[in-house]
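*Asks:* Below is the file model.pdb, which contains PDB, C-alpha atoms.
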```
MODEL        1
ATOM      1  CA  MET P   1     -19.432   7.805  28.121
ATOM      2  CA  SER P   2     -21.887   4.949  27.895
ATOM      3  CA  VAL P   3     -20.934   1.314  28.325
ATOM      4  CA  GLN P   4     -21.679   0.741  24.633
ATOM      5  CA  GLU P   5     -19.379   3.594  23.561
ATOM      6  CA  ARG P   6     -16.600   2.264  25.787
ATOM      7  CA  LYS P   7     -16.974  -1.247  24.332
ATOM      8  CA  GLU P   8     -16.877   0.128  20.789
ATOM      9  CA  ARG P   9     -13.758   2.142  21.582
ATOM     10  CA  GLU P  10     -12.074  -0.914  23.128
ATOM     11  CA  ARG P  11     -13.043  -3.020  20.098
ATOM     12  CA  ALA P  12     -11.592  -0.440  17.715
ATOM     13  CA  GLY P  13      -8.417  -0.332  19.804
ATOM     14  CA  ARG P  14      -8.068  -4.128  19.663
ATOM     15  CA  GLU P  15      -8.585  -4.050  15.912
ATOM     16  CA  ARG P  16      -5.861  -1.396  15.469
ATOM     17  CA  LEU P  17      -3.577  -3.499  17.695
ATOM     18  CA  ILE P  18      -4.173  -6.622  15.595
ATOM     19  CA  VAL P  19      -3.435  -4.771  12.341
ATOM     20  CA  ALA P  20      -0.349  -3.026  13.751
ATOM     21  CA  THR P  21       0.992  -6.279  15.176
ATOM     22  CA  ALA P  22       0.390  -8.171  11.918
ATOM     23  CA  ARG P  23       2.117  -5.420  10.006
ATOM     24  CA  GLU P  24       5.087  -5.363  12.382
ATOM     25  CA  LEU P  25       5.468  -9.141  12.293
ATOM     26  CA  ALA P  26       5.209  -9.200   8.497
ATOM     27  CA  GLU P  27       7.812  -6.448   8.130
ATOM     28  CA  GLN P  28      10.187  -8.308  10.490
ATOM     29  CA  GLN P  29       9.689 -11.908   9.373
ATOM     30  CA  GLY P  30       7.498 -11.928   6.263
ATOM     31  CA  TRP P  31       3.831 -12.712   5.788
ATOM     32  CA  ASP P  32       4.375 -16.460   6.277
ATOM     33  CA  ALA P  33       5.169 -15.699   9.922
ATOM     34  CA  VAL P  34       1.802 -14.008  10.412
ATOM     35  CA  THR P  35      -0.602 -16.586  11.785
ATOM     36  CA  THR P  36      -3.656 -16.100  13.931
ATOM     37  CA  ARG P  37      -2.009 -18.102  16.708
ATOM     38  CA  ARG P  38       1.113 -15.933  16.689
ATOM     39  CA  LEU P  39      -0.932 -12.757  16.538
ATOM     40  CA  ALA P  40      -3.098 -13.888  19.449
ATOM     41  CA  GLU P  41       0.038 -14.621  21.493
ATOM     42  CA  ARG P  42       1.636 -11.278  20.645
ATOM     43  CA  ILE P  43      -1.414  -9.171  21.432
ATOM     44  CA  GLU P  44      -2.201 -11.303  24.496
ATOM     45  CA  TYR P  45      -5.756 -12.102  23.493
ATOM     46  CA  SER P  46      -7.249 -15.471  22.636
ATOM     47  CA  GLN P  47      -7.697 -16.604  19.053
ATOM     48  CA  PRO P  48     -11.508 -16.351  19.380
ATOM     49  CA  VAL P  49     -11.095 -12.647  20.228
ATOM     50  CA  LEU P  50      -8.969 -12.215  17.121
ATOM     51  CA  TYR P  51     -11.583 -14.055  15.041
ATOM     52  CA  SER P  52     -14.269 -11.749  16.407
ATOM     53  CA  HIS P  53     -12.496  -8.952  14.488
ATOM     54  CA  PHE P  54     -11.214 -10.771  11.404
ATOM     55  CA  ARG P  55     -12.298 -14.063   9.849
ATOM     56  CA  GLY P  56      -8.691 -14.943   9.150
ATOM     57  CA  LYS P  57      -5.366 -13.888   7.750
ATOM     58  CA  ARG P  58      -6.863 -12.809   4.418
ATOM     59  CA  GLU P  59      -8.964 -10.118   6.097
ATOM     60  CA  ILE P  60      -5.978  -8.989   8.157
ATOM     61  CA  ILE P  61      -3.944  -8.631   4.973
ATOM     62  CA  GLY P  62      -6.807  -6.609   3.516
ATOM     63  CA  ALA P  63      -6.856  -4.311   6.558
ATOM     64  CA  VAL P  64      -3.092  -3.758   6.262
ATOM     65  CA  ALA P  65      -3.518  -3.055   2.544
ATOM     66  CA  LEU P  66      -6.173  -0.413   3.192
ATOM     67  CA  GLU P  67      -4.009   1.236   5.831
ATOM     68  CA  GLY P  68      -1.073   1.159   3.412
ATOM     69  CA  ALA P  69      -3.133   2.654   0.594
ATOM     70  CA  THR P  70      -4.043   5.583   2.833
ATOM     71  CA  GLU P  71      -0.378   6.089   3.759
ATOM     72  CA  MET P  72       0.816   5.784   0.175
ATOM     73  CA  ALA P  73      -1.758   8.314  -1.078
ATOM     74  CA  ALA P  74      -0.595  10.778   1.575
ATOM     75  CA  ALA P  75       3.081  10.194   0.684
ATOM     76  CA  LEU P  76       2.416  10.733  -3.032
ATOM     77  CA  ARG P  77       0.458  13.918  -2.429
ATOM     78  CA  THR P  78       3.107  15.264  -0.071
ATOM     79  CA  ALA P  79       5.859  14.560  -2.596
ATOM     80  CA  THR P  80       4.025  16.181  -5.479
ATOM     81  CA  SER P  81       2.569  19.174  -3.641
ATOM     82  CA  ALA P  82       5.873  21.061  -3.545
ATOM     83  CA  ALA P  83       6.868  20.156  -7.101
ATOM     84  CA  ASP P  84       6.982  23.009  -9.583
ATOM     85  CA  GLY P  85       6.015  21.921 -13.072
ATOM     86  CA  PRO P  86       4.834  18.635 -14.585
ATOM     87  CA  ARG P  87       8.248  16.976 -15.012
ATOM     88  CA  ILE P  88       9.324  17.648 -11.432
ATOM     89  CA  GLN P  89       5.899  16.571 -10.192
ATOM     90  CA  VAL P  90       5.894  13.263 -12.103
ATOM     91  CA  THR P  91       9.485  12.553 -11.056
ATOM     92  CA  ALA P  92       8.609  13.279  -7.410
ATOM     93  CA  LEU P  93       5.603  10.975  -7.693
ATOM     94  CA  ALA P  94       7.724   8.141  -9.114
ATOM     95  CA  ARG P  95      10.381   8.536  -6.426
ATOM     96  CA  ALA P  96       7.787   8.669  -3.643
ATOM     97  CA  TYR P  97       6.080   5.541  -4.963
ATOM     98  CA  LEU P  98       9.340   3.596  -5.176
ATOM     99  CA  ASP P  99      10.435   4.848  -1.742
ATOM    100  CA  PHE P 100       7.141   3.710  -0.229
ATOM    101  CA  ALA P 101       7.523   0.256  -1.791
ATOM    102  CA  GLU P 102      11.132  -0.031  -0.610
ATOM    103  CA  HIS P 103      10.531   1.107   2.970
ATOM    104  CA  ASN P 104       7.259  -0.791   3.492
ATOM    105  CA  PRO P 105       7.770  -4.133   1.724
ATOM    106  CA  ALA P 106       5.207  -6.137   3.728
ATOM    107  CA  VAL P 107       2.596  -3.419   3.373
ATOM    108  CA  TYR P 108       3.348  -3.155  -0.344
ATOM    109  CA  ASP P 109       2.918  -6.924  -0.657
ATOM    110  CA  ALA P 110      -0.396  -6.723   1.192
ATOM    111  CA  MET P 111      -1.527  -4.011  -1.206
ATOM    112  CA  PHE P 112      -0.418  -5.516  -4.509
ATOM    113  CA  GLN P 113       0.907  -9.059  -4.197
ATOM    114  CA  LEU P 114      -1.230 -10.926  -1.665
ATOM    115  CA  ASP P 115      -4.908 -11.794  -1.586
ATOM    116  CA  GLY P 116      -6.516  -9.478   0.919
ATOM    117  CA  GLY P 117      -9.982 -10.021  -0.488
ATOM    118  CA  LEU P 118     -10.129  -6.500  -1.909
ATOM    119  CA  ALA P 119     -11.596  -5.563  -5.271
ATOM    120  CA  PHE P 120      -9.474  -3.334  -7.509
ATOM    121  CA  ALA P 121     -10.834  -1.288 -10.423
ATOM    122  CA  HIS P 122     -14.378  -2.258  -9.567
ATOM    123  CA  GLU P 123     -17.450  -0.428  -8.385
ATOM    124  CA  ASP P 124     -17.082  -1.850  -4.857
ATOM    125  CA  THR P 125     -13.377  -1.034  -4.564
ATOM    126  CA  PRO P 126     -12.746   0.281  -1.031
ATOM    127  CA  GLU P 127     -12.290   4.042  -0.786
ATOM    128  CA  PRO P 128      -8.614   3.963   0.354
ATOM    129  CA  LEU P 129      -7.671   2.045  -2.806
ATOM    130  CA  LYS P 130      -9.618   4.474  -4.987
ATOM    131  CA  ASP P 131      -7.901   7.372  -3.247
ATOM    132  CA  ALA P 132      -4.427   5.883  -3.772
ATOM    133  CA  PHE P 133      -5.184   5.600  -7.493
ATOM    134  CA  ALA P 134      -6.550   9.146  -7.452
ATOM    135  CA  ALA P 135      -3.255  10.324  -5.930
ATOM    136  CA  LEU P 136      -1.473   8.873  -8.962
ATOM    137  CA  LEU P 137      -4.030  10.231 -11.412
ATOM    138  CA  GLU P 138      -3.791  13.769 -10.012
ATOM    139  CA  SER P 139      -0.220  14.093 -11.255
ATOM    140  CA  LEU P 140      -0.279  11.775 -14.222
ATOM    141  CA  GLY P 141      -3.608  12.718 -15.777
ATOM    142  CA  GLU P 142      -2.331  16.036 -17.043
ATOM    143  CA  VAL P 143       0.672  14.476 -18.818
ATOM    144  CA  ALA P 144      -1.221  11.617 -20.487
ATOM    145  CA  GLY P 145      -1.023  13.275 -23.879
ATOM    146  CA  ASP P 146      -3.548  14.139 -26.524
ATOM    147  CA  GLY P 147      -6.125  11.461 -27.193
ATOM    148  CA  VAL P 148      -4.964   9.274 -24.287
ATOM    149  CA  HIS P 149      -7.433   8.547 -21.510
ATOM    150  CA  PRO P 150      -5.848   9.851 -18.265
ATOM    151  CA  ALA P 151      -6.877   6.820 -16.173
ATOM    152  CA  LEU P 152      -5.491   4.402 -18.773
ATOM    153  CA  PHE P 153      -2.214   6.312 -18.910
ATOM    154  CA  THR P 154      -2.074   6.266 -15.100
ATOM    155  CA  GLU P 155      -2.575   2.485 -15.086
ATOM    156  CA  VAL P 156       0.315   1.998 -17.531
ATOM    157  CA  PHE P 157       2.635   4.348 -15.613
ATOM    158  CA  TRP P 158       1.646   2.647 -12.338
ATOM    159  CA  ALA P 159       2.418  -0.748 -13.898
ATOM    160  CA  GLY P 160       5.883   0.560 -14.803
ATOM    161  CA  LEU P 161       6.463   1.749 -11.244
ATOM    162  CA  HIS P 162       5.196  -1.532  -9.825
ATOM    163  CA  GLY P 163       7.517  -3.461 -12.109
ATOM    164  CA  LEU P 164      10.495  -1.349 -11.057
ATOM    165  CA  ALA P 165       9.593  -1.759  -7.378
ATOM    166  CA  THR P 166       9.133  -5.526  -7.476
ATOM    167  CA  LEU P 167      12.052  -6.305  -9.785
ATOM    168  CA  THR P 168      14.451  -4.140  -7.778
ATOM    169  CA  ARG P 169      13.329  -5.718  -4.505
ATOM    170  CA  ALA P 170      13.743  -9.195  -5.991
ATOM    171  CA  ARG P 171      17.287  -8.204  -7.000
ATOM    172  CA  ARG P 172      16.463  -8.632 -10.684
ATOM    173  CA  LEU P 173      17.458  -5.014 -11.295
ATOM    174  CA  PRO P 174      20.499  -3.382  -9.690
ATOM    175  CA  PRO P 175      19.329  -0.731  -7.209
ATOM    176  CA  GLU P 176      22.085   1.712  -8.119
ATOM    177  CA  ASP P 177      20.358   2.380 -11.467
ATOM    178  CA  THR P 178      16.946   3.220  -9.970
ATOM    179  CA  GLU P 179      17.295   6.951 -10.557
ATOM    180  CA  ARG P 180      18.186   6.426 -14.226
ATOM    181  CA  ARG P 181      15.159   4.147 -14.612
ATOM    182  CA  VAL P 182      12.903   6.811 -13.098
ATOM    183  CA  GLU P 183      14.310   9.384 -15.532
ATOM    184  CA  LEU P 184      13.663   7.043 -18.470
ATOM    185  CA  LEU P 185      10.133   6.316 -17.317
ATOM    186  CA  VAL P 186       9.360  10.008 -16.951
ATOM    187  CA  ASP P 187      11.100  11.018 -20.208
ATOM    188  CA  ARG P 188       9.780   8.252 -22.442
ATOM    189  CA  LEU P 189       6.375   7.471 -21.005
ATOM    190  CA  ALA P 190       5.220  10.776 -19.546
ATOM    191  CA  MET P 191       7.267  12.733 -22.099
ATOM    192  CA  VAL P 192       7.494  15.822 -19.879
TER     193      VAL P 192
ENDMDL
END
```
Using C-alpha cells, write down the structure from this file.
*Replies:*
Amino acid sequence: MSVQERKERERAGRERLIVATARELAEQQGWDAVTTRRLAERIEYSQPVLYSHFRGKREIIGAVALEGATEMAAALRTATSAADGPRIQVTALARAYLDFAEHNPAVYDAMFQLDGGLAFAHEDTPEPLKDAFAALLESLGEVAGDGVHPALFTEVFWAGLHGLATLTRARRLPPEDTERRVELLVDRLAMV
C-alpha cells in the first residue's frame, strides 16, 4: 500500500468517525449539543482536523442525512420484499418508515427537518436521497391509481407518513393509535 493510499484510508476513517460521533451525540442529546468543539474533543482530534473534512455543522448534518437515507432505503426494501400483495406491501412500507423515524430521531431530523445543505427533488439531488425516494416509489407507484402520476402519489403518501412521524414524536398524536392511522392511510389514500 502506498503512502497516498494509507493517507486516503485514514482520512476516510476520520470522516466516518466524525459522522458516527455526531450522530451518536445527536441521538443522545439532540442536535443543539453537536458542535465542532464537542466533536473535536470526542474524537480526540483538533478542530482544524475536523474542518479539513467538513466546513461546519451543516455539512455534518448533510453527511448524517445521506447515511440515514441509505439506511432508510434498505429498511423499506427489506420490509416490502417479503410482502405478498399490494396492500401488505404498502402497509409494510408505512410501518417500516414510521419505525425508522421513531428509532432514529436525530437521523430523521437530519434528513427532513434540519438544513444539511442538500437539494431535494432537484437534478443535483444526491444519489442516496434519490434512492430513498425510489424505495418509496417502488411500492407506491403501482397503487397510485388510474390517471395519477406515480411520483406525485408517492410524494403525497410520503407527506402523510412524515406528518404521522413528526406529530407522533411531538406528542401531538397518541402513539397507541399509530396502527389505526397506518390502516387509514393505506385504505383511504392507497385504496388497496
*Asks:* Wanna dump the region 5-28 of chain P-region 36-52 of chain P contacts at 10 Å for me, each residue with its shortest atom pair and the distance in Å to one decimal, counting all atoms listed in the file, ordered by chain and number, as a tab-separated table?
*Replies:*
```
residue	atom	partner	partner_atom	distance
P:Arg11	CA	P:Ser52	CA	9.6
P:Arg14	CA	P:Leu50	CA	8.5
P:Glu15	CA	P:Leu50	CA	8.3
P:Leu17	CA	P:Ile43	CA	7.1
P:Ile18	CA	P:Ile43	CA	6.9
P:Val19	CA	P:Leu39	CA	9.4
P:Ala20	CA	P:Ile43	CA	9.9
P:Thr21	CA	P:Leu39	CA	6.9
P:Ala22	CA	P:Leu39	CA	6.6
P:Leu25	CA	P:Leu39	CA	8.5
```
*Asks:* Would you work out the distance separating CA of Ala101 (chain P) from CA of Arg169 (chain P), expressed in Å to one decimal?
*Replies:*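 So the answer is 8.8 Å.
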*Asks:* Hey, can you check how far CA of Phe100 (chain P) sits from CA of Pro86 (chain P)?
*Replies:* 20.8 Å
*Asks:* Please measure the separation of CA of Gly30 (chain P) and CA of Leu66 (chain P), giving the value in Å to one decimal.
*Replies:*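 Between these atoms lies a distance of 18.1 Å.
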*Asks:* Could you check which of P:Arg16, P:Glu5, P:Leu114, P:Trp31 is closest to Phe54 (chain P), using only C-alpha atoms?
*Replies:*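 With only C-alpha atoms as the atom set, the closest residue is P:Arg16.
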*Asks:* Residues near Val156 (chain P), anyone? I mean within 9 Å using only C-alpha atoms, not counting same-chain ones fewer than 5 positions away, as a list in words.
*Replies:*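 The filter keeps Ala151, Leu161 and Leu189 of chain P.
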*Asks:* Write out, as a PDB file, keeping the file's coordinate frame, the residues just selected, with C-alpha atoms.
*Replies:*
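For reference, part08.pdb as written:
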```
ATOM      1  CA  ALA P 151      -6.877   6.820 -16.173  1.00  0.00           C
ATOM      2  CA  LEU P 161       6.463   1.749 -11.244  1.00  0.00           C
ATOM      3  CA  LEU P 189       6.375   7.471 -21.005  1.00  0.00           C
TER       4      LEU P 189
END
```
*Asks:* Selected by the PyMOL selection byres ((chain P and resi 99) around 12) in the shown coordinates: which residues, as a tab-separated table (two decimals) with C-alpha atoms, in the frame of the given file?
*Replies:*
```tsv
chain	number	residue	atom	x	y	z
P	72	MET	CA	0.82	5.78	0.18
P	75	ALA	CA	3.08	10.19	0.68
P	76	LEU	CA	2.42	10.73	-3.03
P	79	ALA	CA	5.86	14.56	-2.60
P	92	ALA	CA	8.61	13.28	-7.41
P	93	LEU	CA	5.60	10.98	-7.69
P	94	ALA	CA	7.72	8.14	-9.11
P	95	ARG	CA	10.38	8.54	-6.43
P	96	ALA	CA	7.79	8.67	-3.64
P	97	TYR	CA	6.08	5.54	-4.96
P	98	LEU	CA	9.34	3.60	-5.18
P	100	PHE	CA	7.14	3.71	-0.23
P	101	ALA	CA	7.52	0.26	-1.79
P	102	GLU	CA	11.13	-0.03	-0.61
P	103	HIS	CA	10.53	1.11	2.97
P	104	ASN	CA	7.26	-0.79	3.49
P	105	PRO	CA	7.77	-4.13	1.72
P	108	TYR	CA	3.35	-3.16	-0.34
P	161	LEU	CA	6.46	1.75	-11.24
P	162	HIS	CA	5.20	-1.53	-9.82
P	164	LEU	CA	10.50	-1.35	-11.06
P	165	ALA	CA	9.59	-1.76	-7.38
P	166	THR	CA	9.13	-5.53	-7.48
P	168	THR	CA	14.45	-4.14	-7.78
P	169	ARG	CA	13.33	-5.72	-4.50
P	175	PRO	CA	19.33	-0.73	-7.21
P	178	THR	CA	16.95	3.22	-9.97
P	179	GLU	CA	17.30	6.95	-10.56
P	182	VAL	CA	12.90	6.81	-13.10
```
*Asks:* Using all atoms listed in the file, give me every residue within 6 Å of (-2.2, -4.1, 6.6) in file coordinates, as a list in words.
*Replies:*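 Residues with an atom close enough to that point: Val19, Arg23, Ile61, Ala63, Val64, Ala65, Glu67 and Val107 of chain P.
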*Asks:* With distances taken over all atoms listed in the file, which residue among P:Ala33, P:Ala74, P:Glu59, P:Leu184 lies nearest Ala135 (chain P)?
*Replies:*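 Selected residue with least distance to Ala135 (chain P): P:Ala74.
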*Asks:* With all atoms listed in the file as the basis for distance, which of P:Pro150, P:Ala106, P:Ala12, P:Lys57 is at the shortest distance from Ala26 (chain P)?
*Replies:*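 Closest residue, counting all atoms listed in the file: P:Ala106.
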*Asks:* Counting all atoms listed in the file, write as JSON, numbers by chain all protein and nucleic acid residues lying at most 12 Å from (-7.9, 4.3, -4.9) in the file's frame.
*Replies:* {"P": [65, 66, 67, 68, 69, 70, 71, 72, 73, 74, 111, 118, 119, 120, 121, 122, 123, 124, 125, 126, 127, 128, 129, 130, 131, 132, 133, 134, 135, 136, 137, 138, 151, 154, 155]}
*Asks:* Let me make sure I understand: among P:Ser139, P:Met1, P:Arg180, P:Asp109, which one has the smallest atom-to-atom distance to Thr78 (chain P) if we use all atoms listed in the file?
*Replies:* P:Ser139
*Asks:* Counting all atoms listed in the file, which residue out of P:Ala110, P:Asp115, P:Met191, P:Arg172 sits closest to Leu140 (chain P)?
*Replies:* P:Met191
*Asks:* Of the candidates P:Asp32, P:Ala190, P:Gly160, P:Glu183, which one gets nearest to Gly141 (chain P) if we count all atoms listed in the file?
*Replies:*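 Among the listed residues, the smallest separation from Gly141 (chain P) belongs to P:Ala190.
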*Asks:* Using the incomplete input, complete region 155-166 of chain P to the level of N, CA, C and O atoms; output as an mmCIF file, in the frame of the given file.
*Replies:*
```cif
data_model
loop_
_atom_site.group_PDB
_atom_site.id
_atom_site.type_symbol
_atom_site.label_atom_id
_atom_site.label_comp_id
_atom_site.auth_asym_id
_atom_site.auth_seq_id
_atom_site.Cartn_x
_atom_site.Cartn_y
_atom_site.Cartn_z
ATOM 1 N N GLU P 155 -2.740 3.931 -15.305
ATOM 2 C CA GLU P 155 -2.575 2.485 -15.086
ATOM 3 C C GLU P 155 -1.259 1.981 -15.682
ATOM 4 O O GLU P 155 -0.543 1.190 -15.046
ATOM 5 N N VAL P 156 -0.920 2.446 -16.874
ATOM 6 C CA VAL P 156 0.315 1.998 -17.531
ATOM 7 C C VAL P 156 1.541 2.517 -16.774
ATOM 8 O O VAL P 156 2.505 1.777 -16.533
ATOM 9 N N PHE P 157 1.511 3.782 -16.366
ATOM 10 C CA PHE P 157 2.635 4.348 -15.613
ATOM 11 C C PHE P 157 2.785 3.627 -14.274
ATOM 12 O O PHE P 157 3.891 3.285 -13.853
ATOM 13 N N TRP P 158 1.652 3.380 -13.607
ATOM 14 C CA TRP P 158 1.646 2.647 -12.338
ATOM 15 C C TRP P 158 2.248 1.247 -12.534
ATOM 16 O O TRP P 158 3.049 0.796 -11.719
ATOM 17 N N ALA P 159 1.872 0.581 -13.617
ATOM 18 C CA ALA P 159 2.418 -0.748 -13.898
ATOM 19 C C ALA P 159 3.940 -0.682 -14.047
ATOM 20 O O ALA P 159 4.665 -1.575 -13.574
ATOM 21 N N GLY P 160 4.431 0.379 -14.687
ATOM 22 C CA GLY P 160 5.883 0.560 -14.803
ATOM 23 C C GLY P 160 6.537 0.733 -13.440
ATOM 24 O O GLY P 160 7.577 0.132 -13.157
ATOM 25 N N LEU P 161 5.923 1.552 -12.594
ATOM 26 C CA LEU P 161 6.463 1.749 -11.244
ATOM 27 C C LEU P 161 6.426 0.452 -10.438
ATOM 28 O O LEU P 161 7.382 0.120 -9.736
ATOM 29 N N HIS P 162 5.325 -0.261 -10.555
ATOM 30 C CA HIS P 162 5.196 -1.532 -9.825
ATOM 31 C C HIS P 162 6.261 -2.525 -10.292
ATOM 32 O O HIS P 162 6.889 -3.197 -9.479
ATOM 33 N N GLY P 163 6.475 -2.574 -11.587
ATOM 34 C CA GLY P 163 7.517 -3.461 -12.109
ATOM 35 C C GLY P 163 8.888 -3.086 -11.592
ATOM 36 O O GLY P 163 9.670 -3.952 -11.176
ATOM 37 N N LEU P 164 9.200 -1.795 -11.597
ATOM 38 C CA LEU P 164 10.495 -1.349 -11.057
ATOM 39 C C LEU P 164 10.621 -1.706 -9.574
ATOM 40 O O LEU P 164 11.673 -2.178 -9.135
ATOM 41 N N ALA P 165 9.553 -1.480 -8.814
ATOM 42 C CA ALA P 165 9.593 -1.759 -7.378
ATOM 43 C C ALA P 165 9.806 -3.244 -7.110
ATOM 44 O O ALA P 165 10.670 -3.624 -6.308
ATOM 45 N N THR P 166 9.045 -4.092 -7.768
ATOM 46 C CA THR P 166 9.133 -5.526 -7.476
ATOM 47 C C THR P 166 10.406 -6.154 -8.036
ATOM 48 O O THR P 166 11.018 -7.000 -7.379
#
```
